[in-house]
Structures are given as structure tokens and as C-alpha cells.
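upload.txt, holding compact mmCIF, C-alpha atoms:
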```txt
# COMPACT_ATOMS: atom_id res chain seq x y z
CA MET A 1 -8.53 57.53 -2.59
CA SER A 2 -4.85 58.32 -2.34
CA VAL A 3 -2.66 55.81 -0.55
CA ASP A 4 1.00 55.18 0.11
CA VAL A 5 2.36 51.94 -1.26
CA ARG A 6 5.64 50.53 0.05
CA ILE A 7 7.64 48.86 -2.67
CA PRO A 8 10.07 45.98 -1.97
CA THR A 9 13.67 46.17 -3.20
CA ILE A 10 13.13 43.76 -6.07
CA LEU A 11 10.33 45.89 -7.57
CA ARG A 12 12.04 49.27 -7.22
CA THR A 13 13.35 48.95 -10.75
CA TYR A 14 9.79 49.85 -11.76
CA THR A 15 9.55 52.88 -9.46
CA GLY A 16 12.84 54.55 -10.31
CA GLY A 17 14.33 53.29 -7.06
CA GLU A 18 11.58 54.76 -4.88
CA LYS A 19 10.80 52.82 -1.68
CA ALA A 20 7.25 54.18 -1.56
CA VAL A 21 4.90 55.66 -4.13
CA THR A 22 1.39 57.05 -4.01
CA ALA A 23 -1.47 55.44 -5.88
CA GLU A 24 -5.20 55.90 -6.31
CA GLY A 25 -8.10 53.48 -6.13
CA ALA A 26 -11.21 52.47 -4.21
CA THR A 27 -10.22 48.81 -4.18
CA LEU A 28 -6.89 47.01 -4.16
CA ALA A 29 -7.48 45.96 -7.79
CA GLU A 30 -7.84 49.63 -8.74
CA VAL A 31 -4.69 50.53 -6.82
CA VAL A 32 -2.74 47.82 -8.65
CA ALA A 33 -4.12 49.08 -11.98
CA ASP A 34 -3.02 52.61 -11.06
CA LEU A 35 0.43 51.35 -10.10
CA GLU A 36 0.70 49.62 -13.48
CA ALA A 37 -0.40 52.81 -15.28
CA ASN A 38 2.34 54.84 -13.61
CA HIS A 39 5.01 52.13 -13.33
CA PRO A 40 4.54 49.88 -16.36
CA GLY A 41 5.51 46.27 -15.77
CA ILE A 42 4.87 46.19 -12.03
CA GLY A 43 1.34 44.82 -12.43
CA GLU A 44 2.53 41.62 -14.02
CA ARG A 45 4.85 41.03 -11.06
CA LEU A 46 1.89 41.23 -8.68
CA LEU A 47 -0.88 39.49 -10.60
CA ASP A 48 -1.28 36.48 -12.83
CA GLU A 49 -4.37 35.21 -14.67
CA SER A 50 -5.83 33.85 -11.43
CA GLY A 51 -5.33 37.03 -9.40
CA LEU A 52 -2.74 37.90 -6.78
CA ARG A 53 0.39 35.83 -7.33
CA ARG A 54 0.86 33.01 -4.84
CA PHE A 55 4.27 34.24 -3.65
CA VAL A 56 3.46 37.94 -3.39
CA ASN A 57 2.02 39.30 -0.15
CA ILE A 58 0.10 42.57 -0.06
CA TYR A 59 -0.93 44.10 3.25
CA VAL A 60 -3.50 46.84 3.82
CA ASN A 61 -2.86 48.53 7.16
CA ASP A 62 -0.77 45.55 8.28
CA GLU A 63 -3.39 42.94 7.38
CA ASP A 64 -2.60 40.35 4.69
CA VAL A 65 -5.25 40.93 2.01
CA ARG A 66 -5.74 37.15 1.77
CA PHE A 67 -7.43 37.50 5.17
CA LEU A 68 -9.46 40.46 3.90
CA ALA A 69 -11.17 40.46 0.50
CA GLY A 70 -8.12 39.95 -1.69
CA LEU A 71 -8.12 42.24 -4.71
CA ASP A 72 -11.65 43.37 -3.80
CA THR A 73 -10.43 44.79 -0.48
CA ALA A 74 -11.84 48.30 -0.07
CA ILE A 75 -9.24 51.04 0.20
CA ALA A 76 -9.85 54.20 2.21
CA ASP A 77 -8.01 57.50 1.98
CA LYS A 78 -4.70 57.40 3.92
CA ASP A 79 -4.62 53.60 4.12
CA SER A 80 -1.13 52.21 3.87
CA ILE A 81 -0.30 49.37 1.55
CA THR A 82 2.83 47.21 1.80
CA ILE A 83 4.01 44.78 -0.85
CA LEU A 84 6.43 42.02 0.19
CA PRO A 85 7.53 39.03 -1.84
CA ALA A 86 7.23 35.78 0.09
CA VAL A 87 10.43 34.41 1.55
CA ALA A 88 10.06 30.82 0.48
CA GLY A 89 11.72 27.96 -1.33
CA GLY A 90 12.15 24.24 -1.43
CA MET B 1 32.13 36.62 -0.24
CA LEU B 2 30.14 36.20 2.95
CA ARG B 3 32.04 37.29 6.05
CA ILE B 4 30.26 35.98 9.13
CA SER B 5 31.08 35.34 12.75
CA ARG B 6 31.33 31.83 14.18
CA ASN B 7 28.46 32.23 16.62
CA LEU B 8 26.02 33.07 13.79
CA ILE B 9 27.09 29.95 11.89
CA ASP B 10 26.49 27.96 15.08
CA ASP B 11 23.04 29.56 15.51
CA MET B 12 21.96 28.60 11.97
CA VAL B 13 23.25 25.04 12.28
CA ALA B 14 21.58 24.60 15.67
CA HIS B 15 18.27 25.81 14.22
CA ALA B 16 18.58 23.45 11.24
CA ARG B 17 19.27 20.50 13.56
CA ALA B 18 16.42 21.41 15.91
CA ASP B 19 13.85 21.47 13.09
CA HIS B 20 15.16 18.40 11.23
CA PRO B 21 13.52 16.61 9.36
CA ASP B 22 11.52 19.74 8.48
CA GLU B 23 13.30 22.62 6.80
CA ALA B 24 14.39 25.46 9.08
CA CYS B 25 14.54 29.06 7.86
CA GLY B 26 15.40 32.55 9.00
CA VAL B 27 17.29 35.74 8.46
CA ILE B 28 20.41 37.40 9.78
CA ALA B 29 19.81 41.12 9.62
CA GLY B 30 22.55 43.72 9.48
CA PRO B 31 22.97 47.48 9.09
CA ILE B 32 22.04 48.88 5.66
CA ASP B 33 25.04 49.04 3.30
CA SER B 34 27.33 47.28 5.80
CA GLY B 35 27.07 43.82 4.29
CA ILE B 36 27.69 42.49 7.81
CA PRO B 37 25.20 40.03 9.30
CA THR B 38 24.67 40.79 12.99
CA ARG B 39 21.16 40.00 14.29
CA PHE B 40 20.02 36.37 14.17
CA VAL B 41 16.27 36.04 13.54
CA PRO B 42 15.05 32.43 13.32
CA MET B 43 11.66 32.25 11.61
CA LEU B 44 8.87 29.71 11.79
CA ASN B 45 8.56 27.56 8.68
CA ALA B 46 4.82 28.04 8.09
CA ALA B 47 4.90 25.10 5.67
CA ARG B 48 6.33 22.73 8.36
CA SER B 49 7.64 20.58 5.56
CA PRO B 50 10.76 18.52 4.80
CA THR B 51 10.74 19.83 1.21
CA PHE B 52 9.47 23.41 1.42
CA TYR B 53 9.77 26.51 3.57
CA GLU B 54 7.85 29.75 3.73
CA PHE B 55 7.88 32.54 6.30
CA ASP B 56 4.42 33.11 7.79
CA SER B 57 3.01 36.22 6.10
CA THR B 58 2.24 38.06 9.35
CA ASP B 59 5.71 37.25 10.73
CA LEU B 60 7.20 38.43 7.42
CA LEU B 61 5.59 41.87 7.72
CA ARG B 62 6.72 42.20 11.33
CA LEU B 63 10.27 41.19 10.38
CA TYR B 64 10.50 43.82 7.64
CA ARG B 65 8.98 46.50 9.91
CA ASP B 66 11.53 45.67 12.62
CA MET B 67 14.39 45.84 10.13
CA ASP B 68 13.11 49.18 8.77
CA ASP B 69 12.90 50.60 12.29
CA ARG B 70 16.50 49.50 12.95
CA ASP B 71 17.87 50.59 9.55
CA GLU B 72 18.66 46.98 8.74
CA VAL B 73 18.37 44.73 5.71
CA PRO B 74 18.29 40.93 5.44
CA VAL B 75 22.01 40.35 4.88
CA VAL B 76 21.60 36.57 5.09
CA ILE B 77 18.51 34.51 4.25
CA TYR B 78 19.09 30.92 5.35
CA HIS B 79 17.26 27.64 5.14
CA SER B 80 18.04 23.97 5.46
CA HIS B 81 17.76 21.01 3.15
CA THR B 82 17.17 17.87 5.14
CA ALA B 83 17.61 15.15 2.50
CA THR B 84 19.60 16.84 -0.26
CA GLU B 85 22.78 18.85 -0.69
CA ALA B 86 23.25 22.46 0.42
CA TYR B 87 22.61 23.86 -3.04
CA PRO B 88 19.62 25.99 -4.18
CA SER B 89 16.74 23.96 -5.59
CA ARG B 90 14.82 25.08 -8.65
CA THR B 91 12.13 26.41 -6.31
CA ASP B 92 14.74 28.33 -4.30
CA ILE B 93 16.00 29.96 -7.48
CA ALA B 94 12.53 30.76 -8.83
CA LEU B 95 11.39 32.37 -5.58
CA ALA B 96 14.57 34.22 -4.57
CA SER B 97 13.50 37.84 -4.22
CA GLU B 98 16.31 39.62 -2.38
CA PRO B 99 19.05 40.25 -4.96
CA ASP B 100 21.32 41.85 -2.32
CA ALA B 101 21.10 38.96 0.16
CA HIS B 102 23.45 36.06 0.75
CA TYR B 103 21.40 32.88 0.47
CA VAL B 104 22.86 30.39 2.94
CA LEU B 105 21.93 26.72 2.71
CA ILE B 106 22.62 24.17 5.41
CA SER B 107 22.21 20.44 4.80
CA THR B 108 21.37 18.14 7.68
CA ARG B 109 21.15 15.04 5.46
CA GLU B 110 24.23 13.39 7.02
CA THR B 111 23.65 13.85 10.72
CA GLY B 112 20.01 14.93 11.13
CA SER B 113 19.41 16.35 14.58
CA GLN B 114 22.76 15.13 15.87
CA GLU B 115 26.05 16.93 16.33
CA GLY B 116 28.69 16.29 13.71
CA PRO B 117 29.89 17.51 10.36
CA PHE B 118 27.50 19.69 8.36
CA GLU B 119 27.36 21.28 4.93
CA LEU B 120 26.93 25.05 4.80
CA ARG B 121 27.28 27.02 1.56
CA SER B 122 26.43 30.55 0.47
CA PHE B 123 25.07 31.84 -2.82
CA ARG B 124 23.91 34.94 -4.61
CA ILE B 125 20.71 34.40 -6.55
CA VAL B 126 19.90 37.20 -9.01
CA ASP B 127 17.48 36.96 -11.94
CA GLY B 128 17.53 33.18 -11.84
CA GLU B 129 21.33 32.98 -11.86
CA VAL B 130 23.12 31.22 -8.98
CA ALA B 131 26.66 32.14 -8.01
CA GLU B 132 28.35 30.36 -5.12
CA GLU B 133 30.61 32.48 -2.96
CA GLU B 134 33.26 31.90 -0.34
CA VAL B 135 32.24 31.87 3.34
CA LEU B 136 34.83 33.50 5.57
CA VAL B 137 34.19 32.58 9.19
CA VAL B 138 35.66 35.02 11.68
CA ALA B 139 35.91 34.82 15.44
CA THR B 140 32.86 36.13 17.30
CA GLY B 141 33.18 39.87 17.78
CA ASP B 142 35.68 40.40 14.93
```

Exercise: express the given structure as C-alpha cells:
Amino acid sequence: MSVDVRIPTILRTYTGGEKAVTAEGATLAEVVADLEANHPGIGERLLDESGLRRFVNIYVNDEDVRFLAGLDTAIADKDSITILPAVAGG
Amino acid sequence: MLRISRNLIDDMVAHARADHPDEACGVIAGPIDSGIPTRFVPMLNAARSPTFYEFDSTDLLRLYRDMDDRDEVPVVIYHSHTATEAYPSRTDIALASEPDAHYVLISTRETGSQEGPFELRSFRIVDGEVAEEEVLVVATGD
């Protein structure tokens, strides 16, 4: 499956400044692994040992994956994926 | 330096007072590359907390879509501290993720929901480093 992934400003250092890249995968976990393969370092900014980082939001077709199946969310051809860091603080 | 019109300062302070003692938060969007904050967008604090704020994730996506459609960026990201000074907390620094934004903090610790003097300061937060900057308030429309 080939999908477009929108990259937030703070992670564009990993994509050569590109705002969107294409990636492959049948699940979100596979898409993240493909992103890491092509843009080394980005994976660690999205995942930690427990899965998707608490303050990173990933949306598949405008739905927060936390309300879908998280990293197991199935990805179909032409889906659109958006990554946004949380806007949060104390 | 943050150059910002008086009415936008008033909007942020009014929001901070209205949500006291919980933290208030929001964005002032502006045209890409202009550095000028123009469109006030108060956000819901999904945490509804006196010590934490977080934009609701669905609202966050809508906000960024709207800004994209308008060729805008978040020029200012603001939030309030309701019991401490208007200076970024460790959590604020750790979670800051817009290196091009002005992070504005408002403290309502002195006057709460009431009118009166307030603290408002602006910072850049890049790679864990905080740099305070001058706030130049200009007349509305200038």
C-alpha cells in the first residue's frame, strides 16, 4: 500500500525539508518502519518502547489512531496519514 | 522580538482570566513567513487542569488543516499559568514542538479571574533551550 504521510515542521529535518512523503505498509506499524528505513531517525521520534509516543498524534484519514487500532490500524492504498506533535505543556 | 497588536494581547488575557483556575491555551495564526500574528484561535484545554494543558487531538488536526488552507502558521502558541510565574515549566520546554513559534505565557496568579495587572512574557523554545524575547505591543491595526 502506498500512502502519503504529512510531516510536521519539527520532523522535516528527517525528510530533507519535505512536508509530505510517500510510504508503504499494510498497517501503521509497517508504515512507520518504512518511514524509518527511508528517513533514519524519524521512527524514534514517533515510537518509544511502549508504542506510539504519548505526545505524538497520528491520524489516518482524519481519525486519531488512538480511536482506531493504534499501530495495528490497517492502511489501505491512497489513505492519507498526518503526523502532528501534541500542543501541550504544564 | 514578538510584535503584536493590543487587541490580541487583550484576547489572550481575557481567555486566561475566563478559564482561571484552569490553564487556558490557544494559538494566534498568521500568514506564512510574515511573523505577524493575526487570527486569534482560543482552544479547549482537553486536560481541564490547573497544572497542565493539551489541545484536544481532533481540534488539533482541524486547526492545522484550517491553517494549511489559509497559508498560515501558528505564529503564537499561548497558555496560562494560574499559580506560578509566566515562565516555561520543564514540561513546557520538553513538549515544545514548534521551533518557529513565539511561546507566550500569561500568569493569572495575582488577580485570578479579575481585572488588574497581569504578567505576559514571550519565549522561543528550540531544542530544549529557552530564550526570552521582547514583546512590542502596537496599536490595533498597525

- prompt: Around (-5.0, 48.5, 0.5) in the file's own coordinates, what residues are found within 8 Å if you use all atoms listed in the file, given back as an MDAnalysis selection string?
  reply: chainID A and resid 3 27:28 31 58:61 65 73:76 79:81

message: Residues within 10 Å of (9.1, 23.2, -1.6), file coordinates, counting all atoms listed in the file: what are they? Give the list as a PyMOL selection string.
response: (chain A and resi 88-90) or (chain B and resi 23+47+49-54+89-92)

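Note that the spacing between atom CA of Leu11 of chain A and atom CA of Glu134 of chain B amounts to 27.8 Å.
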
- prompt: For chain A, which residues have at least one atom within 9 Å of chain B, if we go by all atoms listed in the file? Write them as a PyMOL selection string, please.
  reply: chain A and resi 8-10+55+57+59+62-64+82+84-90

- request: State, in Å with one decimal place, the distance from atom CA of Arg17 of chain B to atom CA of Glu85 of chain B.
  value: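 Going from atom CA of Arg17 of chain B over to atom CA of Glu85 of chain B covers 14.8 Å.
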
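Between atom CA of Arg66 of chain A and atom CA of Thr22 of chain A the separation is 21.9 Å.
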
What's around segment 110-115 of chain B at 9 Å? Count only C-alpha atoms, leave out sequence neighbours fewer than 6 positions away in its own chain, and write the answer as an mmCIF file with C-alpha atoms, in the frame of the given file.
```cif
data_model
loop_
_atom_site.group_PDB
_atom_site.id
_atom_site.type_symbol
_atom_site.label_atom_id
_atom_site.label_comp_id
_atom_site.auth_asym_id
_atom_site.auth_seq_id
_atom_site.Cartn_x
_atom_site.Cartn_y
_atom_site.Cartn_z
ATOM 1 C CA ALA B 14 21.580 24.600 15.670
ATOM 2 C CA ALA B 16 18.580 23.450 11.240
ATOM 3 C CA ARG B 17 19.270 20.500 13.560
ATOM 4 C CA ALA B 18 16.420 21.410 15.910
ATOM 5 C CA ASP B 19 13.850 21.470 13.090
ATOM 6 C CA HIS B 20 15.160 18.400 11.230
ATOM 7 C CA PRO B 21 13.520 16.610 9.360
ATOM 8 C CA THR B 82 17.170 17.870 5.140
ATOM 9 C CA ALA B 83 17.610 15.150 2.500
#
```

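Taking all atoms listed in the file, the non-local environment of Ile32 of chain B within 9 Å (same-chain residues fewer than 5 positions away omitted) comprises Asp71, Glu72, Val73, Pro74 and Val75 of chain B.
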
Reconstructed segment 46-61 of chain B, atom set N, CA, C and O atoms, as an mmCIF file, in the frame of the given file:
```cif
data_model
loop_
_atom_site.group_PDB
_atom_site.id
_atom_site.type_symbol
_atom_site.label_atom_id
_atom_site.label_comp_id
_atom_site.auth_asym_id
_atom_site.auth_seq_id
_atom_site.Cartn_x
_atom_site.Cartn_y
_atom_site.Cartn_z
ATOM 1 N N ALA B 46 6.281 28.187 8.075
ATOM 2 C CA ALA B 46 4.820 28.040 8.090
ATOM 3 C C ALA B 46 4.382 26.794 7.334
ATOM 4 O O ALA B 46 3.290 26.279 7.566
ATOM 5 N N ALA B 47 5.246 26.306 6.428
ATOM 6 C CA ALA B 47 4.900 25.100 5.670
ATOM 7 C C ALA B 47 5.155 23.827 6.485
ATOM 8 O O ALA B 47 4.619 22.762 6.152
ATOM 9 N N ARG B 48 5.985 23.906 7.530
ATOM 10 C CA ARG B 48 6.330 22.730 8.360
ATOM 11 C C ARG B 48 6.531 21.495 7.499
ATOM 12 O O ARG B 48 5.869 20.479 7.665
ATOM 13 N N SER B 49 7.470 21.614 6.578
ATOM 14 C CA SER B 49 7.640 20.580 5.560
ATOM 15 C C SER B 49 9.102 20.194 5.427
ATOM 16 O O SER B 49 9.985 21.030 5.618
ATOM 17 N N PRO B 50 9.377 18.923 5.073
ATOM 18 C CA PRO B 50 10.760 18.520 4.800
ATOM 19 C C PRO B 50 11.251 18.942 3.421
ATOM 20 O O PRO B 50 12.431 18.774 3.115
ATOM 21 N N THR B 51 10.347 19.483 2.579
ATOM 22 C CA THR B 51 10.740 19.830 1.210
ATOM 23 C C THR B 51 10.404 21.263 0.825
ATOM 24 O O THR B 51 10.602 21.665 -0.325
ATOM 25 N N PHE B 52 9.881 22.047 1.765
ATOM 26 C CA PHE B 52 9.470 23.410 1.420
ATOM 27 C C PHE B 52 9.566 24.280 2.671
ATOM 28 O O PHE B 52 9.419 23.791 3.786
ATOM 29 N N TYR B 53 9.853 25.583 2.443
ATOM 30 C CA TYR B 53 9.770 26.510 3.570
ATOM 31 C C TYR B 53 9.114 27.802 3.099
ATOM 32 O O TYR B 53 9.190 28.168 1.918
ATOM 33 N N GLU B 54 8.444 28.443 4.015
ATOM 34 C CA GLU B 54 7.850 29.750 3.730
ATOM 35 C C GLU B 54 7.666 30.473 5.051
ATOM 36 O O GLU B 54 7.113 29.914 6.001
ATOM 37 N N PHE B 55 8.132 31.738 5.108
ATOM 38 C CA PHE B 55 7.880 32.540 6.300
ATOM 39 C C PHE B 55 6.373 32.800 6.383
ATOM 40 O O PHE B 55 5.736 33.087 5.363
ATOM 41 N N ASP B 56 5.813 32.721 7.578
ATOM 42 C CA ASP B 56 4.420 33.110 7.790
ATOM 43 C C ASP B 56 4.241 34.564 7.371
ATOM 44 O O ASP B 56 5.090 35.411 7.651
ATOM 45 N N SER B 57 3.135 34.884 6.694
ATOM 46 C CA SER B 57 3.010 36.220 6.100
ATOM 47 C C SER B 57 2.943 37.325 7.146
ATOM 48 O O SER B 57 3.456 38.424 6.940
ATOM 49 N N THR B 58 2.312 37.047 8.288
ATOM 50 C CA THR B 58 2.240 38.060 9.350
ATOM 51 C C THR B 58 3.627 38.265 9.972
ATOM 52 O O THR B 58 4.048 39.397 10.236
ATOM 53 N N ASP B 59 4.345 37.152 10.198
ATOM 54 C CA ASP B 59 5.710 37.250 10.730
ATOM 55 C C ASP B 59 6.613 38.010 9.752
ATOM 56 O O ASP B 59 7.500 38.756 10.162
ATOM 57 N N LEU B 60 6.387 37.783 8.451
ATOM 58 C CA LEU B 60 7.200 38.430 7.420
ATOM 59 C C LEU B 60 7.060 39.955 7.491
ATOM 60 O O LEU B 60 8.054 40.691 7.457
ATOM 61 N N LEU B 61 5.815 40.415 7.632
ATOM 62 C CA LEU B 61 5.590 41.870 7.720
ATOM 63 C C LEU B 61 6.265 42.433 8.962
ATOM 64 O O LEU B 61 6.945 43.463 8.907
#
```
